[in-house]
>>> print(open('protein.tsv').read())   # TSV, C-alpha atoms
chain	number	residue	atom	x	y	z
O	1	MET	CA	13.56	5.52	-15.25
O	2	SER	CA	14.07	7.61	-18.35
O	3	LEU	CA	11.59	9.88	-20.04
O	4	THR	CA	9.92	8.93	-23.28
O	5	GLN	CA	10.07	11.41	-26.13
O	6	GLN	CA	6.45	12.29	-25.53
O	7	GLN	CA	7.07	12.86	-21.84
O	8	ALA	CA	10.09	15.02	-22.62
O	9	GLU	CA	7.83	17.15	-24.82
O	10	ARG	CA	4.80	17.20	-22.48
O	11	TYR	CA	6.88	18.34	-19.51
O	12	SER	CA	9.45	20.34	-21.47
O	13	ARG	CA	8.51	23.73	-20.04
O	14	GLN	CA	9.37	22.63	-16.51
O	15	ILE	CA	12.24	20.36	-17.49
O	16	ILE	CA	14.09	23.31	-19.02
O	17	LEU	CA	14.03	25.06	-15.65
O	18	LYS	CA	17.54	24.55	-14.34
O	19	GLU	CA	16.28	24.13	-10.75
O	20	PHE	CA	13.91	21.39	-11.95
O	21	GLY	CA	15.26	19.43	-14.90
O	22	VAL	CA	14.85	15.81	-15.95
O	23	LYS	CA	15.66	14.45	-12.49
O	24	ALA	CA	12.83	16.32	-10.80
O	25	GLN	CA	10.43	15.22	-13.53
O	26	GLU	CA	11.47	11.62	-13.06
O	27	LYS	CA	10.85	11.96	-9.34
O	28	LEU	CA	7.36	13.34	-9.96
O	29	LEU	CA	6.53	10.51	-12.35
O	30	ALA	CA	7.58	7.99	-9.72
O	31	SER	CA	5.62	9.71	-6.91
O	32	LYS	CA	2.24	9.11	-5.32
O	33	VAL	CA	0.08	11.89	-3.88
O	34	LEU	CA	-3.18	11.41	-2.00
O	35	VAL	CA	-5.72	14.23	-2.32
O	36	VAL	CA	-8.29	14.05	0.46
O	37	GLY	CA	-11.47	15.82	-0.58
O	38	ALA	CA	-12.47	16.41	-4.21
O	39	GLY	CA	-13.83	19.85	-3.33
O	40	GLY	CA	-12.51	23.34	-3.98
O	41	LEU	CA	-9.00	22.76	-2.65
O	42	GLY	CA	-8.68	19.17	-3.84
O	43	CYS	CA	-9.89	19.85	-7.40
O	44	SER	CA	-7.51	22.72	-7.82
O	45	ALA	CA	-4.53	20.85	-6.37
O	46	ALA	CA	-5.22	17.61	-8.26
O	47	LEU	CA	-5.63	19.45	-11.56
O	48	TYR	CA	-2.10	20.82	-11.43
O	49	LEU	CA	-0.56	17.70	-9.96
O	50	ALA	CA	-1.96	15.63	-12.84
O	51	ALA	CA	-0.82	18.16	-15.41
O	52	ALA	CA	2.64	18.25	-13.84
O	53	GLY	CA	3.01	14.49	-14.19
O	54	VAL	CA	2.73	13.13	-10.67
O	55	GLY	CA	2.69	9.40	-11.37
O	56	THR	CA	-0.13	8.30	-9.08
O	57	LEU	CA	-2.93	10.44	-7.70
O	58	GLY	CA	-5.31	9.07	-5.07
O	59	LEU	CA	-8.65	10.84	-4.60
O	60	VAL	CA	-10.77	10.43	-1.47
O	61	ASP	CA	-14.34	11.69	-1.24
O	62	ALA	CA	-17.64	10.12	-0.30
O	63	ASP	CA	-19.93	12.73	-1.81
O	64	GLU	CA	-21.75	13.31	-5.07
O	65	VAL	CA	-21.50	16.39	-7.26
O	66	ASP	CA	-24.03	19.07	-6.31
O	67	LEU	CA	-24.96	22.16	-8.34
O	68	ALA	CA	-23.58	24.49	-5.66
O	69	ASN	CA	-20.17	22.78	-5.98
O	70	LEU	CA	-19.56	23.85	-9.55
O	71	GLN	CA	-18.69	27.49	-8.83
O	72	ARG	CA	-15.30	26.37	-7.46
O	73	GLN	CA	-14.80	22.61	-7.78
O	74	VAL	CA	-13.35	22.76	-11.24
O	75	LEU	CA	-12.89	19.06	-12.01
O	76	HIS	CA	-16.66	18.48	-12.04
O	77	ARG	CA	-18.92	19.50	-14.90
O	78	THR	CA	-22.62	20.25	-15.11
O	79	ALA	CA	-23.19	16.88	-16.74
O	80	ASP	CA	-21.64	15.24	-13.65
O	81	LEU	CA	-24.41	16.33	-11.26
O	82	GLY	CA	-25.29	13.45	-8.98
O	83	LYS	CA	-22.22	11.42	-9.88
O	84	ALA	CA	-19.62	10.43	-7.31
O	85	LYS	CA	-17.10	13.24	-7.02
O	86	VAL	CA	-14.16	10.89	-7.16
O	87	ASP	CA	-15.44	9.51	-10.49
O	88	SER	CA	-16.06	12.86	-12.16
O	89	ALA	CA	-12.72	14.18	-10.89
O	90	ALA	CA	-10.89	11.06	-12.11
O	91	THR	CA	-12.45	11.36	-15.57
O	92	THR	CA	-11.26	14.95	-15.92
O	93	LEU	CA	-7.78	14.18	-14.61
O	94	ARG	CA	-7.35	11.22	-16.96
O	95	ALA	CA	-8.42	13.40	-19.89
O	96	ILE	CA	-5.85	16.03	-18.95
O	97	ASN	CA	-3.05	13.51	-18.54
O	98	PRO	CA	-3.66	9.85	-19.42
O	99	GLU	CA	-0.21	8.99	-18.07
O	100	VAL	CA	-1.32	9.58	-14.51
O	101	LEU	CA	-2.67	6.61	-12.59
O	102	VAL	CA	-5.75	7.87	-10.76
O	103	ARG	CA	-7.02	5.78	-7.84
O	104	THR	CA	-10.37	6.58	-6.30
O	105	TYR	CA	-11.60	6.00	-2.76
O	106	ARG	CA	-15.30	6.71	-2.40
O	107	LEU	CA	-15.47	6.65	1.36
O	108	HIS	CA	-15.34	8.71	4.53
O	109	LEU	CA	-11.88	8.74	6.04
O	110	ALA	CA	-11.94	7.80	9.68
O	111	ALA	CA	-9.54	6.72	12.39
O	112	ALA	CA	-10.25	3.11	11.45
O	113	ASN	CA	-9.16	3.36	7.80
O	114	ILE	CA	-6.96	6.39	7.20
O	115	ARG	CA	-3.57	4.92	8.11
O	116	GLN	CA	-3.89	1.98	5.75
O	117	ILE	CA	-4.77	4.34	2.89
O	118	ILE	CA	-2.20	7.09	3.38
O	119	ARG	CA	0.79	4.84	4.03
O	120	ASP	CA	0.90	3.98	0.34
O	121	TYR	CA	1.55	7.63	-0.59
O	122	ASP	CA	4.53	9.98	-0.51
O	123	PHE	CA	2.58	13.17	0.21
O	124	VAL	CA	-0.95	14.06	1.29
O	125	ILE	CA	-3.04	17.09	0.30
O	126	ASP	CA	-5.59	18.07	2.94
O	127	GLY	CA	-8.53	19.30	0.90
O	128	THR	CA	-11.14	18.55	3.56
O	129	ASP	CA	-13.47	21.20	4.86
O	130	THR	CA	-14.02	20.01	8.41
O	131	PHE	CA	-11.91	20.36	11.52
O	132	GLY	CA	-12.43	16.66	12.15
O	133	GLY	CA	-10.88	15.84	8.78
O	134	LYS	CA	-7.98	18.22	9.30
O	135	PHE	CA	-7.07	16.84	12.72
O	136	LEU	CA	-7.43	13.28	11.49
O	137	ILE	CA	-5.05	13.91	8.58
O	138	ASN	CA	-2.59	15.76	10.81
O	139	ASP	CA	-2.51	12.97	13.38
O	140	ALA	CA	-2.46	10.08	10.90
O	141	CYS	CA	0.36	11.69	8.91
O	142	PHE	CA	2.28	12.14	12.15
O	143	PHE	CA	1.93	8.49	13.09
O	144	GLU	CA	2.84	7.39	9.55
O	145	ARG	CA	5.50	10.12	9.16
O	146	ILE	CA	4.08	11.33	5.85
O	147	ALA	CA	4.49	14.96	4.81
O	148	PHE	CA	1.31	16.85	4.00
O	149	SER	CA	-0.09	20.20	3.00
O	150	HIS	CA	-2.69	21.67	5.35
O	151	ALA	CA	-5.03	24.31	4.00
O	152	SER	CA	-8.36	25.96	4.70
O	153	ALA	CA	-10.39	28.48	2.76
O	154	LEU	CA	-13.50	30.32	3.86
O	155	GLY	CA	-15.17	33.49	2.66
O	156	PHE	CA	-12.37	35.55	1.16
O	157	THR	CA	-9.55	34.19	3.34
O	158	GLY	CA	-7.33	31.15	3.03
O	159	GLN	CA	-4.41	29.64	4.89
O	160	ILE	CA	-1.79	27.08	3.95
O	161	MET	CA	1.14	25.39	5.69
O	162	THR	CA	3.23	22.31	5.03
O	163	VAL	CA	3.94	19.81	7.78
O	164	LEU	CA	6.92	17.48	8.01
O	165	PRO	CA	5.71	15.35	10.92
O	166	GLY	CA	8.07	15.29	13.86
O	167	GLU	CA	10.27	17.95	12.23
O	168	SER	CA	8.14	21.04	11.74
O	169	CYS	CA	5.19	22.75	13.41
O	170	CYS	CA	2.06	20.61	13.02
O	171	TYR	CA	-1.60	21.59	12.91
O	172	ARG	CA	-2.02	20.68	16.59
O	173	CYS	CA	0.95	22.89	17.47
O	174	LEU	CA	-1.15	25.73	16.07
O	175	LEU	CA	-4.59	24.63	17.24
O	176	ALA	CA	-4.68	22.05	20.03
O	177	GLU	CA	-8.27	20.88	19.53
O	178	PRO	CA	-11.13	21.52	17.11
O	179	PRO	CA	-13.20	24.53	18.12
O	180	ALA	CA	-16.56	23.86	19.72
O	181	SER	CA	-19.22	22.77	17.29
O	182	GLY	CA	-21.09	25.69	15.76
O	183	LEU	CA	-18.43	28.23	16.73
O	184	THR	CA	-17.05	28.58	13.24
O	185	PRO	CA	-19.06	28.52	10.04
O	186	THR	CA	-18.64	26.15	7.11
O	187	CYS	CA	-18.50	27.15	3.44
O	188	SER	CA	-22.20	26.45	3.02
O	189	GLN	CA	-22.93	28.76	5.93
O	190	ALA	CA	-20.38	31.54	5.45
O	191	GLY	CA	-19.89	31.34	1.68
O	192	ILE	CA	-16.68	31.15	-0.27
O	193	LEU	CA	-15.40	33.09	-3.26
O	194	GLY	CA	-14.97	30.52	-6.02
O	195	VAL	CA	-11.40	31.45	-6.91
O	196	LEU	CA	-10.21	31.29	-3.29
O	197	PRO	CA	-9.77	27.51	-2.97
O	198	GLY	CA	-8.37	27.62	-6.50
O	199	VAL	CA	-5.53	29.88	-5.38
O	200	ILE	CA	-4.88	27.94	-2.19
O	201	GLY	CA	-5.19	24.52	-3.85
O	202	VAL	CA	-2.64	25.49	-6.50
O	203	LEU	CA	-0.29	26.56	-3.72
O	204	GLN	CA	-0.80	23.12	-2.15
O	205	ALA	CA	0.13	21.51	-5.46
O	206	ALA	CA	3.26	23.67	-5.56
O	207	GLU	CA	4.21	22.43	-2.09
O	208	ALA	CA	3.71	18.81	-3.14
O	209	ILE	CA	5.81	19.28	-6.27
O	210	LYS	CA	8.63	20.97	-4.35
O	211	PHE	CA	8.59	18.23	-1.73
O	212	LEU	CA	8.60	15.40	-4.27
O	213	ALA	CA	11.17	17.01	-6.54
O	214	LYS	CA	13.28	18.11	-3.57
O	215	ILE	CA	13.55	21.70	-4.75
O	216	GLY	CA	12.99	25.09	-3.14
O	217	GLU	CA	11.81	25.80	0.38
O	218	LEU	CA	8.66	24.37	1.85
O	219	LEU	CA	6.06	26.33	3.80
O	220	THR	CA	7.18	24.67	7.01
O	221	ASN	CA	7.23	26.51	10.33
O	222	ARG	CA	5.27	29.29	8.69
O	223	ILE	CA	1.71	29.78	7.59
O	224	LEU	CA	0.70	31.76	4.55
O	225	ILE	CA	-2.52	33.75	4.75
O	226	TYR	CA	-4.18	34.93	1.55
O	227	GLU	CA	-6.90	37.55	1.60
O	228	ALA	CA	-8.68	37.90	-1.71
O	229	LEU	CA	-10.41	41.22	-0.96
O	230	PRO	CA	-7.33	43.39	-0.36
O	231	GLY	CA	-5.34	41.04	-2.60
O	232	SER	CA	-2.65	40.43	-0.03
O	233	PHE	CA	-0.50	37.60	1.25
O	234	ARG	CA	0.86	37.50	4.79
O	235	GLU	CA	3.43	35.06	6.06
O	236	VAL	CA	3.54	34.29	9.77
O	237	SER	CA	6.46	32.43	11.28
O	238	LEU	CA	5.51	29.53	13.55
O	239	SER	CA	7.42	27.37	15.98
O	240	ARG	CA	6.81	23.84	17.10
O	241	ASN	CA	4.79	23.97	20.28
O	242	PRO	CA	6.79	22.22	23.03
O	243	ASP	CA	3.45	21.48	24.73
O	244	CYS	CA	1.86	20.04	21.57
O	245	ARG	CA	-0.42	17.14	22.44
O	246	LEU	CA	0.74	15.21	19.41
O	247	CYS	CA	4.37	16.04	18.67
O	248	GLY	CA	5.47	17.84	21.86
O	249	GLN	CA	6.05	16.88	25.47
O	250	ASN	CA	2.41	17.07	26.50
O	251	LEU	CA	1.54	13.81	24.80
O	252	THR	CA	-2.15	13.17	25.12
O	253	VAL	CA	-2.87	12.21	21.52
O	254	THR	CA	-1.21	8.83	21.39
O	255	LYS	CA	-3.54	7.13	18.95
O	256	LEU	CA	-5.96	8.16	16.23
O	257	ARG	CA	-9.46	9.16	17.14
O	258	ASP	CA	-12.39	10.59	15.28
O	259	GLU	CA	-12.79	14.13	16.53
O	260	VAL	CA	-16.34	15.25	17.10
O	261	PRO	CA	-17.47	15.91	13.55
O	262	ASP	CA	-18.47	19.35	12.47
O	263	ASP	CA	-22.12	20.09	12.15
O	264	CYS	CA	-22.98	19.19	8.63
O	265	ARG	CA	-20.90	16.30	7.36
O	266	GLY	CA	-18.61	13.41	8.05
O	267	LEU	CA	-14.88	13.28	7.68
O	268	GLY	CA	-12.93	13.12	4.47
O	269	THR	CA	-15.56	14.86	2.44
O	270	ALA	CA	-15.45	18.24	0.93
O	271	GLN	CA	-18.04	20.79	0.06
O	272	LYS	CA	-21.35	19.15	0.45
O	273	ASP	CA	-23.53	22.11	-0.34
O	274	ASN	CA	-26.71	20.34	0.50
O	275	LYS	CA	-30.01	21.95	1.19
O	276	SER	CA	-30.10	20.86	4.80
O	277	ALA	CA	-26.81	22.61	5.49
O	278	ARG	CA	-28.08	25.79	3.87
O	279	SER	CA	-31.31	25.62	5.74
O	280	LYS	CA	-29.39	25.08	8.98
O	281	ALA	CA	-27.29	28.13	8.20
O	282	GLY	CA	-30.47	30.08	7.72
O	283	HIS	CA	-31.78	29.01	11.10
O	284	GLU	CA	-28.55	29.98	12.77
O	285	GLY	CA	-28.66	33.37	11.10
S	1	MET	CA	1.63	53.08	23.60
S	2	LYS	CA	0.04	52.56	20.24
S	3	VAL	CA	-0.49	49.28	18.41
S	4	LYS	CA	-2.12	48.41	15.12
S	5	VAL	CA	-4.52	45.48	15.19
S	6	LYS	CA	-5.88	43.45	12.31
S	7	VAL	CA	-8.52	40.77	12.77
S	8	TYR	CA	-9.10	38.22	10.05
S	9	ALA	CA	-11.99	36.41	8.41
S	10	THR	CA	-14.92	35.75	10.76
S	11	LEU	CA	-13.41	37.94	13.50
S	12	ARG	CA	-14.01	41.06	11.44
S	13	GLU	CA	-17.49	41.24	12.89
S	14	TYR	CA	-15.94	42.35	16.18
S	15	LEU	CA	-14.68	45.55	14.59
S	16	PRO	CA	-16.93	48.29	13.20
S	17	SER	CA	-18.07	47.66	9.63
S	18	GLY	CA	-16.04	49.63	7.14
S	19	SER	CA	-12.88	49.23	9.20
S	20	ALA	CA	-11.64	46.40	6.91
S	21	GLY	CA	-10.72	44.56	10.09
S	22	THR	CA	-7.99	46.98	11.13
S	23	ARG	CA	-7.81	49.38	14.03
S	24	SER	CA	-5.18	51.47	15.78
S	25	MET	CA	-5.40	51.32	19.56
S	26	GLU	CA	-3.90	53.24	22.45
S	27	LEU	CA	-2.96	50.79	25.21
S	28	GLY	CA	-1.37	51.01	28.63
S	29	GLU	CA	2.27	49.95	28.98
S	30	GLY	CA	2.67	46.21	29.40
S	31	THR	CA	-0.75	45.32	27.98
S	32	SER	CA	-0.79	41.65	27.00
S	33	ILE	CA	-2.32	40.12	23.90
S	34	ARG	CA	-4.98	38.51	26.10
S	35	GLN	CA	-5.91	41.92	27.55
S	36	LEU	CA	-6.04	43.35	24.04
S	37	LEU	CA	-8.48	40.61	22.98
S	38	GLY	CA	-10.59	41.50	26.02
S	39	GLN	CA	-10.70	45.15	24.99
S	40	LEU	CA	-11.76	44.13	21.49
S	41	ARG	CA	-14.36	41.76	23.03
S	42	VAL	CA	-12.99	38.92	20.89
S	43	PRO	CA	-13.56	35.61	22.78
S	44	GLU	CA	-10.36	33.59	23.13
S	45	LYS	CA	-12.16	30.44	22.02
S	46	GLU	CA	-12.72	32.08	18.63
S	47	VAL	CA	-8.99	32.69	18.13
S	48	ALA	CA	-6.70	30.11	16.51
S	49	PHE	CA	-3.47	32.07	16.73
S	50	VAL	CA	-2.15	35.57	17.23
S	51	PHE	CA	0.91	37.03	15.62
S	52	VAL	CA	2.93	40.13	16.39
S	53	ASN	CA	5.02	41.62	13.61
S	54	SER	CA	4.58	38.41	11.57
S	55	ALA	CA	5.62	35.92	14.27
S	56	GLN	CA	3.21	33.78	16.29
S	57	ARG	CA	3.04	34.77	19.96
S	58	LYS	CA	1.37	33.40	23.08
S	59	LEU	CA	-1.53	35.31	24.59
S	60	ASP	CA	0.38	36.29	27.72
S	61	GLN	CA	2.97	38.12	25.64
S	62	ALA	CA	3.22	41.83	26.51
S	63	LEU	CA	2.92	44.21	23.60
S	64	ASP	CA	5.31	47.02	22.69
S	65	ASN	CA	4.73	50.42	21.18
S	66	GLY	CA	4.37	50.18	17.40
S	67	ASP	CA	3.53	46.46	17.34
S	68	GLU	CA	1.38	45.14	14.55
S	69	VAL	CA	-0.95	42.47	15.91
S	70	GLY	CA	-2.85	39.96	13.78
S	71	VAL	CA	-5.67	37.83	15.21
S	72	PHE	CA	-6.72	34.77	13.18
S	73	PRO	CA	-9.70	32.49	13.80
S	74	PRO	CA	-9.92	28.75	13.19
S	75	ILE	CA	-11.23	28.18	9.67
S	76	ALA	CA	-11.93	24.84	8.05
S	77	GLY	CA	-13.51	25.45	4.66
S	78	GLY	CA	-12.12	23.77	1.64
>>> encode(input="protein.tsv", output="structure tokens")
Amino acid sequence: MSLTQQQAERYSRQIILKEFGVKAQEKLLASKVLVVGAGGLGCSAALYLAAAGVGTLGLVDADEVDLANLQRQVLHRTADLGKAKVDSAATTLRAINPEVLVRTYRLHLAAANIRQIIRDYDFVIDGTDTFGGKFLINDACFFERIAFSHASALGFTGQIMTVLPGESCCYRCLLAEPPASGLTPTCSQAGILGVLPGVIGVLQAAEAIKFLAKIGELLTNRILIYEALPGSFREVSLSRNPDCRLCGQNLTVTKLRDEVPDDCRGLGTAQKDNKSARSKAGHEG
Amino acid sequence: MKVKVKVYATLREYLPSGSAGTRSMELGEGTSIRQLLGQLRVPEKEVAFVFVNSAQRKLDQALDNGDEVGVFPPIAGG
């Protein structure tokens, strides 16, 4: 595969980087990334992956665009209210870079369908906002041996780590099971600073690009914490958990299952700021 | 011995407001992370992971003088 003149110009600012070059660009153009959740994290990550020239981007989300999404989910516009998120996101991505093949999956990811979808991709971005979604992606990527970027963002705080299944610390090494329902708030309950998933999602895109282009060092066996209020990053070194239920000796997760969903939505969706969720938050104080 | 503790995100409510989630504490020799969480009244089920001086540690780990302890909750927003 060789670059066209237009591609050489479009991607020139990263091609001239000696650590990147034409070879890395060619790898990106031949790569497929699945972004699960077209919410705050997913919009931010997909925006930069499309601009960077990742050849195929898959988008998974079952929801429609809601007014309360627009403060942070930057691929959707006011005119898109009520439209399927995957459609509004795909329209924006195609406008930014028509070279990118954008595939849309308007559905809830579940144990029954996730493996068939992700196995067609080289890297997965976890842009979900439920523990159920995060465990499902972690486990499915382990069984399919697909690298992925885990991230979460809530309030003013975000976290990100990259997982090379079977090689580096996985999400279950860190957190064995989802916390009990209602123990931790969602974005619609606790709030989220709009720029926060932007920052974290862009970091996820950077991880995907480094993985695909085979450059730099991935955020494996470490988790990066970003706090917007003090404006600080903290890196914590992690180790694989020898007792991990998925990738350690204490094997109890031997097949995919749908974890008990979080309170307000199904799996594979992101940022459904619906009125019922807000009203629920109000009741819970 | 003295340790510096920082709690993150939703766990900040367990420290006095205005503390920005940080607190210096005087602890007995050999105090474990689990005992520290007990003193802070932070329920273990609300903790995803704890790190000491930027490395993840198990809750039965004993702390040393001068340690910097970070306590992070499970978060799932996106």
>>> atom_distance(input="protein.tsv", atom1="CA of Ile16 (chain O)", atom2="CA of Lys210 (chain O)")
15.8 Å
>>> interface_residues(input="protein.tsv", of="chain O", to="chain S", cutoff="8 Å", atoms="only C-alpha atoms", output="ChimeraX atom specification")
/O:39-42,127-131,134,151-157,174-175,179,183-187,197,234-239,270-271
>>> closest_residue(input="protein.tsv", among="O:Arg145, O:Glu19, O:Ala205, O:Arg106", to="Cys43 (chain O)", atoms="only C-alpha atoms")
O:Ala205
>>> atom_distance(input="protein.tsv", atom1="CA of Phe143 (chain O)", atom2="CA of Ser31 (chain O)")
20.4 Å
>>> residues_around(input="protein.tsv", residues="region 60-68 of chain O", least_positions_apart="5", cutoff="6 Å", atoms="only C-alpha atoms", output="list in words")
Val36, Gly37, Ala38, Leu81, Gly82, Lys83, Ala84, Lys85, Val86, Tyr105, Arg106, Leu107, His108, Thr269 and Asp273 of chain O
>>> residues_near_point(input="protein.tsv", point="(1.2, 13.3, 12.0)", cutoff="8 Å", atoms="only C-alpha atoms", output="tab-separated table (two decimals) with C-alpha atoms, in the coordinates of the input")
chain	number	residue	atom	x	y	z
O	137	ILE	CA	-5.05	13.91	8.58
O	138	ASN	CA	-2.59	15.76	10.81
O	139	ASP	CA	-2.51	12.97	13.38
O	140	ALA	CA	-2.46	10.08	10.90
O	141	CYS	CA	0.36	11.69	8.91
O	142	PHE	CA	2.28	12.14	12.15
O	143	PHE	CA	1.93	8.49	13.09
O	144	GLU	CA	2.84	7.39	9.55
O	145	ARG	CA	5.50	10.12	9.16
O	146	ILE	CA	4.08	11.33	5.85
O	165	PRO	CA	5.71	15.35	10.92
O	166	GLY	CA	8.07	15.29	13.86
O	170	CYS	CA	2.06	20.61	13.02
O	246	LEU	CA	0.74	15.21	19.41
O	247	CYS	CA	4.37	16.04	18.67
>>> atom_distance(input="protein.tsv", atom1="CA of Ser19 (chain S)", atom2="CA of Met1 (chain S)")
20.8 Å
>>> residues_near_point(input="protein.tsv", point="(1.2, 50.6, 29.0)", cutoff="9 Å", atoms="only C-alpha atoms", output="JSON, numbers by chain")
{"S": [1, 26, 27, 28, 29, 30, 31, 63, 64, 65]}
>>> residues_around(input="protein.tsv", residues="region 3-5 of chain O", least_positions_apart="3", cutoff="10 Å", atoms="only C-alpha atoms", output="list in words")
Ala8, Glu9, Arg10, Tyr11, Val22, Lys23, Gln25, Glu26 and Leu29 of chain O
>>> closest_residue(input="protein.tsv", among="O:Val74, O:Leu136, O:Ala112, O:Ala206", to="Ile160 (chain O)", atoms="only C-alpha atoms")
O:Ala206
>>> closest_residue(input="protein.tsv", among="S:Met25, S:Leu11, S:Val42, S:Leu37", to="Glu68 (chain S)", atoms="all atoms listed in the file")
S:Met25
>>> closest_residue(input="protein.tsv", among="S:Val3, S:Val69, S:Leu15, S:Leu59", to="Leu40 (chain S)", atoms="all atoms listed in the file")
S:Leu15
